[in-house]
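J.: This is my_file02.cif, which holds mmCIF, C-alpha atoms and all ligand atoms:
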data_model
#
loop_
_atom_site.label_atom_id
_atom_site.label_comp_id
_atom_site.auth_asym_id
_atom_site.auth_seq_id
_atom_site.Cartn_x
_atom_site.Cartn_y
_atom_site.Cartn_z
CA MET W 1 83.79 173.21 74.03
CA ILE W 2 83.41 169.59 73.00
CA VAL W 3 81.27 167.84 75.55
CA PRO W 4 78.67 165.44 74.21
CA MET W 5 75.84 164.98 76.69
CA GLU W 6 74.39 161.79 75.23
CA THR W 7 76.78 159.39 76.97
CA GLU W 8 76.87 158.60 80.65
CA SER W 9 80.62 158.10 80.86
CA LEU W 10 83.00 160.98 80.35
CA PRO W 11 84.56 161.30 76.90
CA VAL W 12 87.97 162.00 78.40
CA ASP W 13 89.85 162.09 75.08
CA ARG W 14 87.53 164.79 73.81
CA ILE W 15 87.56 166.69 77.08
CA ARG W 16 91.37 166.75 76.93
CA GLN W 17 91.18 168.58 73.63
CA ASP W 18 89.60 171.51 75.50
CA PHE W 19 92.73 171.88 77.65
CA PRO W 20 95.61 173.42 75.66
CA ILE W 21 98.25 172.44 78.22
CA LEU W 22 97.33 168.77 77.91
CA GLN W 23 98.51 168.89 74.29
CA ARG W 24 102.06 169.57 75.55
CA ARG W 25 104.74 166.94 75.52
CA ILE W 26 107.13 166.81 78.44
CA ARG W 27 110.55 165.33 77.66
CA GLY W 28 109.01 163.35 74.81
CA HIS W 29 106.04 162.11 76.84
CA ARG W 30 102.37 163.04 76.95
CA LEU W 31 101.76 165.36 79.91
CA ILE W 32 100.02 163.36 82.62
CA TYR W 33 98.71 165.78 85.19
CA LEU W 34 97.94 164.12 88.52
CA ASP W 35 98.08 167.21 90.72
CA SER W 36 94.66 168.81 90.34
CA ALA W 37 94.26 169.02 94.12
CA ALA W 38 97.05 171.63 94.03
CA THR W 39 95.57 173.47 91.07
CA SER W 40 93.50 172.29 88.13
CA GLN W 41 94.25 172.86 84.46
CA LYS W 42 92.13 175.39 82.56
CA PRO W 43 89.98 174.76 79.48
CA GLU W 44 90.17 177.04 76.46
CA SER W 45 86.77 178.55 77.34
CA VAL W 46 88.07 179.79 80.71
CA ILE W 47 91.28 181.16 79.20
CA ASN W 48 89.23 182.92 76.52
CA ALA W 49 86.75 184.35 79.01
CA GLU W 50 89.63 185.91 80.93
CA LEU W 51 91.33 187.14 77.76
CA ASP W 52 88.06 188.59 76.44
CA ALA W 53 87.59 190.52 79.66
CA TYR W 54 90.88 192.26 78.91
CA ARG W 55 90.51 192.43 75.13
CA LYS W 56 86.91 193.53 74.82
CA PHE W 57 85.62 195.27 77.95
CA ASN W 58 88.48 195.98 80.31
CA ALA W 59 87.26 198.61 82.80
CA ASN W 60 86.70 198.88 86.51
CA VAL W 61 83.40 197.54 87.86
CA HIS W 62 80.53 199.38 89.59
CA ARG W 63 82.10 202.74 88.73
CA GLY W 64 82.19 203.63 85.06
CA ALA W 65 79.54 205.60 83.23
CA TYR W 66 80.45 204.16 79.84
CA LEU W 67 79.60 201.05 77.86
CA ILE W 68 82.65 198.88 78.48
CA ALA W 69 82.43 199.55 82.22
CA GLU W 70 78.80 198.47 82.15
CA GLU W 71 79.81 195.34 80.25
CA ALA W 72 82.58 194.56 82.74
CA THR W 73 80.15 195.01 85.65
CA ALA W 74 77.53 192.82 83.98
CA ALA W 75 80.08 190.05 83.35
CA TYR W 76 81.45 190.26 86.91
CA GLU W 77 77.99 190.21 88.49
CA GLY W 78 76.95 187.51 86.02
CA ALA W 79 79.76 185.33 87.37
CA ARG W 80 78.47 185.90 90.91
CA LYS W 81 75.01 184.69 89.85
CA LYS W 82 76.49 181.59 88.22
CA ILE W 83 78.38 180.70 91.39
CA ALA W 84 75.30 181.25 93.55
CA ARG W 85 73.40 178.83 91.32
CA PHE W 86 76.33 176.37 91.28
CA LEU W 87 76.33 176.22 95.11
CA ASN W 88 72.54 176.52 95.40
CA ALA W 89 72.99 179.65 97.50
CA PRO W 90 69.67 181.40 98.07
CA ASP W 91 70.93 184.78 96.85
CA PRO W 92 73.90 186.03 94.75
CA SER W 93 74.56 188.67 97.41
CA SER W 94 75.67 185.89 99.74
CA ILE W 95 78.62 185.23 97.36
CA ILE W 96 81.81 187.18 98.08
CA PHE W 97 84.70 187.03 95.64
CA THR W 98 88.07 186.34 97.27
CA ARG W 99 91.47 185.24 95.99
CA GLY W 100 90.85 181.70 97.17
CA THR W 101 89.93 179.52 100.13
CA THR W 102 92.71 180.93 102.30
CA GLU W 103 91.47 184.48 101.94
CA ALA W 104 87.85 183.38 102.41
CA ILE W 105 88.64 181.68 105.72
CA ASN W 106 90.75 184.62 106.88
CA LEU W 107 87.86 186.94 106.07
CA VAL W 108 85.60 184.98 108.40
CA ALA W 109 88.31 184.71 111.07
CA TYR W 110 89.08 188.43 111.14
CA SER W 111 85.54 189.69 110.69
CA TRP W 112 83.23 187.16 112.36
CA GLY W 113 85.84 185.59 114.65
CA TRP W 114 87.32 188.78 116.01
CA SER W 115 83.91 190.30 116.71
CA HIS W 116 82.23 187.19 118.15
CA LEU W 117 84.83 185.23 120.10
CA LYS W 118 85.79 185.88 123.71
CA PRO W 119 87.87 184.23 126.43
CA GLY W 120 86.57 180.76 127.25
CA ASP W 121 85.04 180.20 123.80
CA GLN W 122 86.21 177.33 121.64
CA ILE W 123 86.83 176.93 117.93
CA LEU W 124 86.46 173.29 116.92
CA ILE W 125 88.57 172.13 113.97
CA THR W 126 89.79 168.67 112.95
CA GLU W 127 93.06 166.83 112.75
CA MET W 128 92.82 166.64 108.94
CA GLU W 129 92.65 170.39 108.30
CA HIS W 130 94.84 172.24 105.82
CA HIS W 131 96.93 175.02 107.40
CA SER W 132 94.41 177.50 105.92
CA ASN W 133 91.80 176.20 108.32
CA ILE W 134 94.14 176.06 111.33
CA VAL W 135 96.41 179.09 111.35
CA PRO W 136 93.76 181.85 110.94
CA TRP W 137 91.92 180.37 113.94
CA GLN W 138 95.10 180.25 116.01
CA LEU W 139 95.76 183.90 115.20
CA ILE W 140 92.21 184.90 116.16
CA ALA W 141 92.28 182.73 119.28
CA GLU W 142 95.39 184.63 120.42
CA ARG W 143 93.65 187.97 119.91
CA THR W 144 90.33 187.02 121.50
CA GLY W 145 91.30 184.61 124.29
CA ALA W 146 89.34 181.78 122.66
CA SER W 147 90.99 178.38 122.29
CA LEU W 148 91.21 175.65 119.66
CA ALA W 149 89.86 172.14 120.14
CA VAL W 150 90.64 169.40 117.63
CA VAL W 151 88.53 166.43 116.54
CA PRO W 152 90.92 163.51 116.00
CA ILE W 153 90.80 161.10 113.09
CA LEU W 154 90.53 157.33 113.27
CA ASP W 155 93.16 155.03 111.80
CA ASP W 156 91.15 154.64 108.60
CA GLY W 157 91.42 158.39 107.95
CA THR W 158 87.82 159.24 108.79
CA LEU W 159 86.76 161.66 111.50
CA ASP W 160 86.21 160.30 114.99
CA LEU W 161 82.55 161.27 115.21
CA GLU W 162 82.21 160.05 118.79
CA ALA W 163 85.00 162.42 119.79
CA LEU W 164 83.21 165.17 117.85
CA ASP W 165 80.10 164.53 119.95
CA ARG W 166 82.14 164.74 123.14
CA LEU W 167 83.95 167.91 122.07
CA LEU W 168 80.88 169.71 120.79
CA THR W 169 79.83 171.46 123.98
CA GLU W 170 78.13 174.82 124.43
CA ARG W 171 81.58 176.42 124.70
CA VAL W 172 82.10 175.78 120.99
CA LYS W 173 81.17 178.89 119.04
CA LEU W 174 82.55 177.83 115.66
CA VAL W 175 83.02 174.49 113.94
CA ALA W 176 85.48 174.83 111.02
CA VAL W 177 85.90 171.63 109.05
CA THR W 178 87.11 170.55 105.66
CA HIS W 179 84.57 168.96 103.32
CA VAL W 180 87.20 166.75 101.64
CA SER W 181 90.71 166.12 102.97
CA ASN W 182 93.47 167.16 100.57
CA VAL W 183 95.62 164.25 101.81
CA LEU W 184 93.34 161.36 102.80
CA GLY W 185 90.58 162.15 100.33
CA THR W 186 88.01 161.52 103.08
CA ILE W 187 84.63 163.16 102.47
CA ASN W 188 83.32 164.38 105.80
CA PRO W 189 79.61 164.14 106.75
CA ILE W 190 79.15 167.92 106.60
CA LYS W 191 75.36 167.97 106.81
CA GLU W 192 75.42 165.87 109.98
CA ILE W 193 78.23 167.97 111.50
CA CYS W 194 76.40 171.23 110.76
CA GLU W 195 73.23 169.83 112.29
CA LYS W 196 75.10 168.86 115.46
CA ALA W 197 76.85 172.23 115.61
CA ARG W 198 73.51 174.02 115.32
CA GLN W 199 72.20 172.09 118.32
CA VAL W 200 74.83 173.74 120.53
CA GLY W 201 74.39 177.11 118.84
CA ALA W 202 77.76 177.01 117.01
CA THR W 203 78.38 178.70 113.68
CA THR W 204 79.80 176.48 110.91
CA LEU W 205 82.46 177.05 108.29
CA VAL W 206 83.24 174.47 105.63
CA ASP W 207 86.53 174.46 103.76
CA GLY W 208 85.32 173.39 100.33
CA ALA W 209 88.64 173.73 98.49
CA GLN W 210 88.75 170.03 97.58
CA ALA W 211 85.00 169.48 97.40
CA ALA W 212 83.48 172.23 95.25
CA PRO W 213 85.47 171.19 92.14
CA HIS W 214 84.35 167.56 92.40
CA LEU W 215 81.05 167.13 94.26
CA SER W 216 77.61 168.64 93.74
CA VAL W 217 77.79 171.08 96.61
CA ASP W 218 74.49 172.49 97.86
CA VAL W 219 75.15 174.95 100.67
CA THR W 220 71.46 175.20 101.49
CA ALA W 221 71.07 171.44 101.91
CA LEU W 222 74.34 171.22 103.87
CA GLY W 223 73.05 173.85 106.28
CA CYS W 224 76.44 175.51 106.76
CA ASP W 225 76.88 179.18 107.64
CA PHE W 226 80.03 179.70 105.56
CA TYR W 227 81.51 177.77 102.63
CA ALA W 228 84.94 178.63 101.19
CA LEU W 229 86.35 177.53 97.84
CA SER W 230 89.23 178.15 95.42
CA GLY W 231 88.38 178.91 91.80
CA HIS W 232 91.76 177.71 90.54
CA LYS W 233 91.06 174.17 91.74
CA MET W 234 87.81 174.01 89.72
CA LEU W 235 89.12 174.96 86.27
CA GLY W 236 89.06 178.69 87.06
CA PRO W 237 91.92 181.21 87.07
CA THR W 238 94.38 181.60 89.93
CA GLY W 239 93.42 184.53 92.13
CA SER W 240 89.75 183.53 92.06
CA GLY W 241 87.83 182.18 95.01
CA VAL W 242 84.59 182.48 96.87
CA LEU W 243 83.17 182.82 100.33
CA TYR W 244 79.52 181.90 100.63
CA GLY W 245 77.95 183.20 103.83
CA ARG W 246 74.41 183.15 105.17
CA LYS W 247 73.14 186.61 104.46
CA GLU W 248 71.91 187.48 107.96
CA ILE W 249 75.33 186.56 109.34
CA LEU W 250 77.20 188.52 106.64
CA GLU W 251 75.01 191.56 107.26
CA ALA W 252 75.77 191.51 110.97
CA MET W 253 79.54 191.11 110.45
CA PRO W 254 81.95 194.06 110.53
CA PRO W 255 84.02 194.68 107.37
CA PHE W 256 87.31 192.84 106.83
CA LEU W 257 89.37 195.17 104.62
CA GLY W 258 88.64 198.89 104.41
CA GLY W 259 88.85 200.99 101.25
CA GLY W 260 86.95 201.85 98.12
CA GLU W 261 83.73 200.11 97.11
CA MET W 262 82.96 198.75 100.59
CA ILE W 263 81.65 202.09 101.88
CA ARG W 264 78.42 204.04 101.60
CA THR W 265 79.59 207.38 103.04
CA VAL W 266 82.96 208.48 104.40
CA THR W 267 83.73 211.50 106.55
CA PHE W 268 86.76 211.97 108.76
CA GLU W 269 84.51 211.31 111.73
CA LYS W 270 82.64 208.23 110.56
CA THR W 271 82.24 205.76 107.72
CA THR W 272 79.11 203.81 106.88
CA PHE W 273 79.34 200.64 104.88
CA ASN W 274 77.95 199.24 101.67
CA ASP W 275 75.52 196.31 101.49
CA VAL W 276 76.80 192.74 101.26
CA PRO W 277 78.60 191.42 99.30
CA TYR W 278 80.31 194.74 98.47
CA LYS W 279 81.03 195.46 102.13
CA PHE W 280 83.53 192.59 101.88
CA GLU W 281 85.02 193.43 98.48
CA ALA W 282 87.22 196.45 99.25
CA GLY W 283 89.16 197.94 96.36
CA THR W 284 89.23 196.85 92.74
CA PRO W 285 88.41 193.14 92.70
CA ALA W 286 90.01 190.44 90.52
CA ILE W 287 87.55 191.15 87.72
CA ALA W 288 88.89 189.03 84.87
CA GLN W 289 89.53 186.15 87.26
CA ALA W 290 85.96 186.20 88.57
CA ILE W 291 84.67 186.23 84.98
CA GLY W 292 86.98 183.28 84.20
CA LEU W 293 85.56 181.46 87.22
CA GLY W 294 82.07 182.02 85.83
CA ALA W 295 83.21 180.33 82.60
CA ALA W 296 84.63 177.44 84.66
CA VAL W 297 81.22 176.97 86.28
CA ASP W 298 79.65 176.91 82.80
CA TYR W 299 82.11 174.23 81.72
CA LEU W 300 81.58 172.03 84.80
CA GLU W 301 77.82 172.32 84.47
CA ALA W 302 77.94 171.48 80.75
CA VAL W 303 79.89 168.30 81.50
CA GLY W 304 77.65 167.54 84.49
CA ARG W 305 78.85 167.35 88.06
CA GLU W 306 77.22 163.96 88.70
CA ARG W 307 79.12 162.56 85.73
CA ILE W 308 82.38 164.08 86.92
CA ARG W 309 81.87 162.61 90.39
CA ALA W 310 81.01 159.16 88.97
CA HIS W 311 84.11 159.29 86.75
CA GLU W 312 86.41 160.27 89.60
CA LYS W 313 84.96 157.65 91.92
CA ALA W 314 85.59 154.91 89.35
CA LEU W 315 89.07 156.26 88.63
CA THR W 316 89.93 156.35 92.34
CA ALA W 317 88.75 152.76 92.79
CA TYR W 318 90.85 151.73 89.78
CA ALA W 319 93.90 153.62 91.02
CA LEU W 320 93.63 152.08 94.50
CA THR W 321 93.53 148.61 92.92
CA ARG W 322 96.55 149.33 90.70
CA LEU W 323 98.59 150.92 93.49
CA GLN W 324 97.87 148.00 95.79
CA GLU W 325 99.76 145.82 93.29
CA ILE W 326 102.92 147.44 94.63
CA PRO W 327 103.54 145.92 98.06
CA GLU W 328 106.13 148.57 98.99
CA LEU W 329 103.48 151.32 98.91
CA THR W 330 101.76 152.58 102.04
CA ILE W 331 98.51 154.32 101.16
CA TYR W 332 97.13 156.82 103.67
CA GLY W 333 93.37 156.97 104.17
CA LYS W 334 91.14 153.94 103.87
CA ALA W 335 87.73 155.47 103.21
CA PRO W 336 85.96 153.48 100.45
CA PRO W 337 85.69 155.16 96.99
CA ASP W 338 82.12 156.21 97.87
CA GLY W 339 83.39 158.19 100.84
CA ARG W 340 86.46 159.73 99.31
CA GLY W 341 87.42 162.24 96.67
CA GLY W 342 89.97 161.66 93.91
CA VAL W 343 93.04 162.09 96.09
CA ILE W 344 95.49 159.32 97.06
CA ALA W 345 98.51 159.96 99.28
CA PHE W 346 101.19 157.30 99.62
CA ASN W 347 104.81 156.55 100.38
CA ALA W 348 107.08 153.99 98.75
CA GLY W 349 109.12 152.58 101.61
CA ASP W 350 111.86 154.98 102.59
CA ILE W 351 112.13 156.68 99.19
CA HIS W 352 111.70 160.38 99.76
CA PRO W 353 108.46 161.54 98.08
CA HIS W 354 110.37 164.37 96.39
CA ASP W 355 112.69 161.81 94.77
CA LEU W 356 109.65 159.88 93.61
CA ALA W 357 108.07 163.02 92.15
CA THR W 358 111.30 163.94 90.35
CA PHE W 359 111.59 160.41 88.95
CA LEU W 360 108.00 160.52 87.62
CA ASP W 361 108.57 163.96 86.13
CA ALA W 362 111.07 162.37 83.73
CA TYR W 363 108.04 160.51 82.26
CA GLY W 364 105.90 163.64 82.01
CA ILE W 365 103.91 162.68 85.12
CA CYS W 366 103.11 165.49 87.58
CA ILE W 367 102.46 164.43 91.16
CA ARG W 368 102.77 166.35 94.39
CA ALA W 369 105.21 165.56 97.21
CA GLY W 370 105.48 167.19 100.60
CA HIS W 371 103.41 167.84 103.71
CA HIS W 372 100.52 169.24 101.65
CA CYS W 373 100.13 172.13 104.11
CA ALA W 374 98.81 169.65 106.65
CA GLN W 375 101.68 169.22 109.11
CA PRO W 376 99.51 168.18 112.09
CA LEU W 377 98.00 165.44 109.91
CA MET W 378 101.48 164.33 108.80
CA ARG W 379 102.40 164.04 112.49
CA ARG W 380 99.31 161.90 113.11
CA LEU W 381 100.30 159.66 110.19
CA ASN W 382 103.82 159.58 111.58
CA VAL W 383 105.45 160.78 108.37
CA ALA W 384 107.24 163.98 107.36
CA ALA W 385 105.80 163.97 103.84
CA THR W 386 103.95 161.85 101.31
CA ALA W 387 103.59 161.56 97.57
CA ARG W 388 100.10 162.35 96.30
CA ILE W 389 98.17 161.81 93.09
CA SER W 390 94.85 163.53 92.45
CA PHE W 391 92.39 163.30 89.57
CA TYR W 392 89.98 165.40 87.60
CA LEU W 393 87.72 165.08 84.61
CA TYR W 394 90.67 164.99 82.16
CA ASN W 395 92.34 161.94 83.74
CA ASP W 396 91.69 158.34 82.77
CA GLU W 397 92.83 154.79 83.42
CA ASP W 398 95.73 155.22 80.97
CA ASP W 399 97.13 157.94 83.24
CA ILE W 400 96.90 155.59 86.22
CA ASP W 401 98.52 152.73 84.28
CA THR W 402 101.41 154.92 83.13
CA CYS W 403 101.88 156.23 86.65
CA THR W 404 101.79 152.70 88.15
CA THR W 405 104.38 151.48 85.65
CA ALA W 406 106.62 154.48 86.38
CA LEU W 407 106.28 153.88 90.14
CA LYS W 408 107.39 150.28 89.66
CA LYS W 409 110.41 151.54 87.68
CA ALA W 410 111.17 154.03 90.45
CA LEU W 411 111.27 151.22 93.00
CA GLU W 412 113.68 149.29 90.79
CA PHE W 413 115.78 152.40 90.20
CA PHE W 414 116.05 153.14 93.91
CA GLY W 415 116.87 149.49 94.56
CA ARG W 416 113.77 148.62 96.63
N1 LIG I 1 95.63 172.78 98.93
C1 LIG I 1 97.11 171.19 97.87
O1 LIG I 1 97.97 170.86 97.06
P1 LIG I 1 94.22 178.19 98.36
O2 LIG I 1 95.70 178.05 98.37
O3 LIG I 1 93.73 179.34 99.19
O4 LIG I 1 93.63 178.17 96.99
O5 LIG I 1 93.65 176.85 99.04
C2 LIG I 1 94.05 176.48 100.32
C3 LIG I 1 93.48 175.17 100.71
C4 LIG I 1 92.55 175.11 101.73
N2 LIG I 1 91.97 173.95 102.09
C5 LIG I 1 92.28 172.79 101.50
C6 LIG I 1 91.58 171.54 101.93
C7 LIG I 1 93.23 172.77 100.47
O6 LIG I 1 93.53 171.62 99.90
C8 LIG I 1 93.86 173.98 100.08
C9 LIG I 1 94.93 173.98 99.04
C10 LIG I 1 96.64 172.62 97.90
O7 LIG I 1 96.59 170.38 98.64
C11 LIG I 1 97.80 173.57 98.05
S1 LIG I 1 98.64 173.36 99.59
#
Would it be possible to restate this file's structure as structure tokens?
T.:
Amino acid sequence: MIVPMETESLPVDRIRQDFPILQRRIRGHRLIYLDSAATSQKPESVINAELDAYRKFNANVHRGAYLIAEEATAAYEGARKKIARFLNAPDPSSIIFTRGTTEAINLVAYSWGWSHLKPGDQILITEMEHHSNIVPWQLIAERTGASLAVVPILDDGTLDLEALDRLLTERVKLVAVTHVSNVLGTINPIKEICEKARQVGATTLVDGAQAAPHLSVDVTALGCDFYALSGHKMLGPTGSGVLYGRKEILEAMPPFLGGGEMIRTVTFEKTTFNDVPYKFEAGTPAIAQAIGLGAAVDYLEAVGRERIRAHEKALTAYALTRLQEIPELTIYGKAPPDGRGGVIAFNAGDIHPHDLATFLDAYGICIRAGHHCAQPLMRRLNVAATARISFYLYNDEDDIDTCTTALKKALEFFGR
């Protein structure tokens, strides 16, 4: 890993050398990856950590009575400790490995939601949620008789906090809110929302899919009950993710999936369950992926999360300035760079975002186009889809310049 610590600014050229895929050329062009909100690229150290898990100590965890099984268990549990430290969770046992944010939220919905919600209760979400933080709650509401209430957004793409105050009544048993919007980039005031939720006795779940990779997340300071994240968006392998839960709440929750590992004793009459976090990790977990995620945490910490955040904030400000040079573009979300993550969604007149993405692909530029799994938000913005660029520690102003130039060419090409 080549990450000098002596400079304040990120040495992007050197960081790029750690990412094998960024050495690729696409149709004769340097690969410019502007879709990290969908999934991030992986540094060599993460790829090697996962490979090593298979090459050197591949065995099941918590079971084997031989050396490589002990090594696999130590590496897997070591990754859990790293993530607990990364999130400032009080205890590694409050960290549950999942396949990603979606599975983490579903775990809470089916375990906590199903056992706690009843007719008349409300689940408060927001208009900017990803489908992962909408659909599981709808499914649980149907089963329990609870209902969904939705905090609207304002025209600038921030949450309507006055509406939140009005909606946050004693009927609300759960507030489930995204930390950073995957479309608008808005960073929500999670600490304040959790504080307000606590005052009415509501439990809180934060969808951290777009926040944990980019911000210094401290679950203790935020005061949330649950925090969900996706490892693959923070340099880790696909199939890795985390649910942080406050230990007292996790201990009181019924299991989600049943099977091996999550039990203490099983008879045909009755099963008793393992301690947390194992109670929620039924079956053989994604061992190599969790170990890879531990290596991703090492990498992010070596670079420094404050530095990454400062870099992305500056890059977002620069990108907004460059994109605003193109009068045909409509940019969605007007939070200032201080209050937004490195995500910019836009449309170029009536050019379909998929056409735009295909045009940019010819220049080796990867952007996302579509509804971004946020159809209710698309409806609020009055669009079917948008184009979206998103940044990470391996992007720089050159990427933005090349993308801006290609967008201008696209407008010419499509005759706008
Ligand atoms: N958003 C995007 O391109 P999974 O798929 O479980 O790793 O993450 C789901 C998820 C949950 N919440 C938010 C805020 C997200 O952005 C995502 C994933 C990707 O925006 C894929 S749709």
J.: Would you mind listing what lies within 9 Å of Phe97 of chain W as a list in words, with only C-alpha atoms counted and same-chain residues fewer than 3 positions away left out?
T.: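 So, after excluding close chain neighbours, the residues are Arg80, Gly100, Ala104, Ser240, Gly241, Val242, Leu243, Tyr244, Pro277, Phe280, Glu281, Pro285, Ala286 and Ala290 of chain W.
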J.: Counting all atoms listed in the file, which residues of segment 31-80 of chain W fall within 10 Å of segment 220-233 of chain W, and what is the closest atom pair for each with its distance in Å at one decimal, ordered by chain and rising number, as JSON lines?
T.:
{"residue": "W:Asp35", "atom": "CA", "partner": "W:Lys233", "partner_atom": "CA", "distance": 9.9}
{"residue": "W:Ser36", "atom": "CA", "partner": "W:Lys233", "partner_atom": "CA", "distance": 6.6}
{"residue": "W:Ala37", "atom": "CA", "partner": "W:Lys233", "partner_atom": "CA", "distance": 6.5}
{"residue": "W:Ala38", "atom": "CA", "partner": "W:Lys233", "partner_atom": "CA", "distance": 6.9}
{"residue": "W:Thr39", "atom": "CA", "partner": "W:Lys233", "partner_atom": "CA", "distance": 4.6}
{"residue": "W:Ser40", "atom": "CA", "partner": "W:Lys233", "partner_atom": "CA", "distance": 4.7}
{"residue": "W:Gln41", "atom": "CA", "partner": "W:Lys233", "partner_atom": "CA", "distance": 8.1}
{"residue": "W:Lys42", "atom": "CA", "partner": "W:His232", "partner_atom": "CA", "distance": 8.3}
J.: So how far away is atom CA of Pro119 of chain W from atom CA of Ser147 of chain W, in Å?
T.: 7.8 Å
J.: Is there a way to get, as number ranges by chain, all residues within 12 Å of the point (77.2, 195.1, 104.3) in file coordinates, counting all atoms listed in the file?
T.: W: 93-94, 96, 111, 245, 247-256, 261-264, 272-282
J.: Using all atoms listed in the file for the distances, tell me which of W:Pro43, W:Pro213, W:Gly292, W:Ile95 is nearest to ligand LIG 1 (chain I).
T.: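 Of W:Pro43, W:Pro213, W:Gly292, W:Ile95, the one nearest ligand LIG 1 (chain I) is W:Pro213, counting all atoms listed in the file.
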J.: Pick out the residues sitting within 10 Å of Asp13 of chain W, and hand them over as a list in words; count all atoms listed in the file, and ignore anything fewer than 5 positions along from it in its own chain.
T.: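 Returned residues: Asp18, Tyr394, Asn395 and Asp396 of chain W.
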J.: Can you work out which residues are within 10 Å of ligand LIG 1 (chain I), considering only C-alpha atoms and all ligand atoms, and then hand them over as a PyMOL selection string?
T.: chain W and resi 35-39+98-106+128-134+177-183+185+206-211+228-233+238-242+343+367-374+388-390
J.: What would the file look like if the residues just selected were written as a compact mmCIF listing (two decimals), keeping the file's coordinate frame with C-alpha atoms?
T.:
# COMPACT_ATOMS: atom_id res chain seq x y z
CA ASP W 35 98.08 167.21 90.72
CA SER W 36 94.66 168.81 90.34
CA ALA W 37 94.26 169.02 94.12
CA ALA W 38 97.05 171.63 94.03
CA THR W 39 95.57 173.47 91.07
CA THR W 98 88.07 186.34 97.27
CA ARG W 99 91.47 185.24 95.99
CA GLY W 100 90.85 181.70 97.17
CA THR W 101 89.93 179.52 100.13
CA THR W 102 92.71 180.93 102.30
CA GLU W 103 91.47 184.48 101.94
CA ALA W 104 87.85 183.38 102.41
CA ILE W 105 88.64 181.68 105.72
CA ASN W 106 90.75 184.62 106.88
CA MET W 128 92.82 166.64 108.94
CA GLU W 129 92.65 170.39 108.30
CA HIS W 130 94.84 172.24 105.82
CA HIS W 131 96.93 175.02 107.40
CA SER W 132 94.41 177.50 105.92
CA ASN W 133 91.80 176.20 108.32
CA ILE W 134 94.14 176.06 111.33
CA VAL W 177 85.90 171.63 109.05
CA THR W 178 87.11 170.55 105.66
CA HIS W 179 84.57 168.96 103.32
CA VAL W 180 87.20 166.75 101.64
CA SER W 181 90.71 166.12 102.97
CA ASN W 182 93.47 167.16 100.57
CA VAL W 183 95.62 164.25 101.81
CA GLY W 185 90.58 162.15 100.33
CA VAL W 206 83.24 174.47 105.63
CA ASP W 207 86.53 174.46 103.76
CA GLY W 208 85.32 173.39 100.33
CA ALA W 209 88.64 173.73 98.49
CA GLN W 210 88.75 170.03 97.58
CA ALA W 211 85.00 169.48 97.40
CA ALA W 228 84.94 178.63 101.19
CA LEU W 229 86.35 177.53 97.84
CA SER W 230 89.23 178.15 95.42
CA GLY W 231 88.38 178.91 91.80
CA HIS W 232 91.76 177.71 90.54
CA LYS W 233 91.06 174.17 91.74
CA THR W 238 94.38 181.60 89.93
CA GLY W 239 93.42 184.53 92.13
CA SER W 240 89.75 183.53 92.06
CA GLY W 241 87.83 182.18 95.01
CA VAL W 242 84.59 182.48 96.87
CA VAL W 343 93.04 162.09 96.09
CA ILE W 367 102.46 164.43 91.16
CA ARG W 368 102.77 166.35 94.39
CA ALA W 369 105.21 165.56 97.21
CA GLY W 370 105.48 167.19 100.60
CA HIS W 371 103.41 167.84 103.71
CA HIS W 372 100.52 169.24 101.65
CA CYS W 373 100.13 172.13 104.11
CA ALA W 374 98.81 169.65 106.65
CA ARG W 388 100.10 162.35 96.30
CA ILE W 389 98.17 161.81 93.09
CA SER W 390 94.85 163.53 92.45
J.: Could you tell me how far atom CA of Asn188 of chain W sits from atom CA of Leu381 of chain W, in Å to one decimal place?
T.: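 Calculated distance between atom CA of Leu381 of chain W and atom CA of Asn188 of chain W is 18.2 Å.
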J.: Record the distance separating atom CA of Asp338 of chain W and atom CA of Leu167 of chain W, expressed in Å with one decimal.
T.: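 We find that atom CA of Asp338 of chain W and atom CA of Leu167 of chain W lie 26.9 Å from each other.
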J.: Any idea what's packed within 12 Å of Glu412 of chain W, counting all atoms listed in the file, ignoring anything in its chain fewer than 5 positions away? Could you give it as a list in words?
T.: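 Once the adjacent positions are removed, what remains is Ile326, Glu328, Ala348, Ile351, Leu356, Phe359, Thr405, Ala406 and Leu407 of chain W.
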J.: Write a file of the selected residues as a compact mmCIF listing (two decimals), in the frame of the given file, keeping C-alpha atoms.
T.:
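The new file out-v8.txt reads:
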# COMPACT_ATOMS: atom_id res chain seq x y z
CA ILE W 326 102.92 147.44 94.63
CA GLU W 328 106.13 148.57 98.99
CA ALA W 348 107.08 153.99 98.75
CA ILE W 351 112.13 156.68 99.19
CA LEU W 356 109.65 159.88 93.61
CA PHE W 359 111.59 160.41 88.95
CA THR W 405 104.38 151.48 85.65
CA ALA W 406 106.62 154.48 86.38
CA LEU W 407 106.28 153.88 90.14
J.: Show me, as a PyMOL selection string, the residues that have an atom within 12 Å of Arg166 of chain W when counting all atoms listed in the file, minus same-chain residues fewer than 6 positions from it.
T.: chain W and resi 124+149-152+160+172+196-197+200
J.: Using all atoms listed in the file, which protein or nucleic acid residues come within 9 Å of His214 of chain W? Drop anything in the same chain fewer than 2 positions from it, and give the result as a list in words.
T.: Gln210, Ala211, Ala212, Ser216, Val217, Met234, Arg305, Glu306, Ile308, Arg309, Glu312, Gly341, Gly342, Tyr392 and Leu393 of chain W
J.: Take the point (100.8, 168.2, 79.9) in the file's coordinates, draw a sphere of radius 9 Å around it, and report as a list in words every protein, DNA or RNA residue with an atom inside or on it, counting all atoms listed in the file.
T.: Pro20, Ile21, Leu22, Gln23, Arg24, Arg25, Ile26, His29, Arg30, Leu31, Ile32, Tyr33, Gly364, Ile365 and Cys366 of chain W
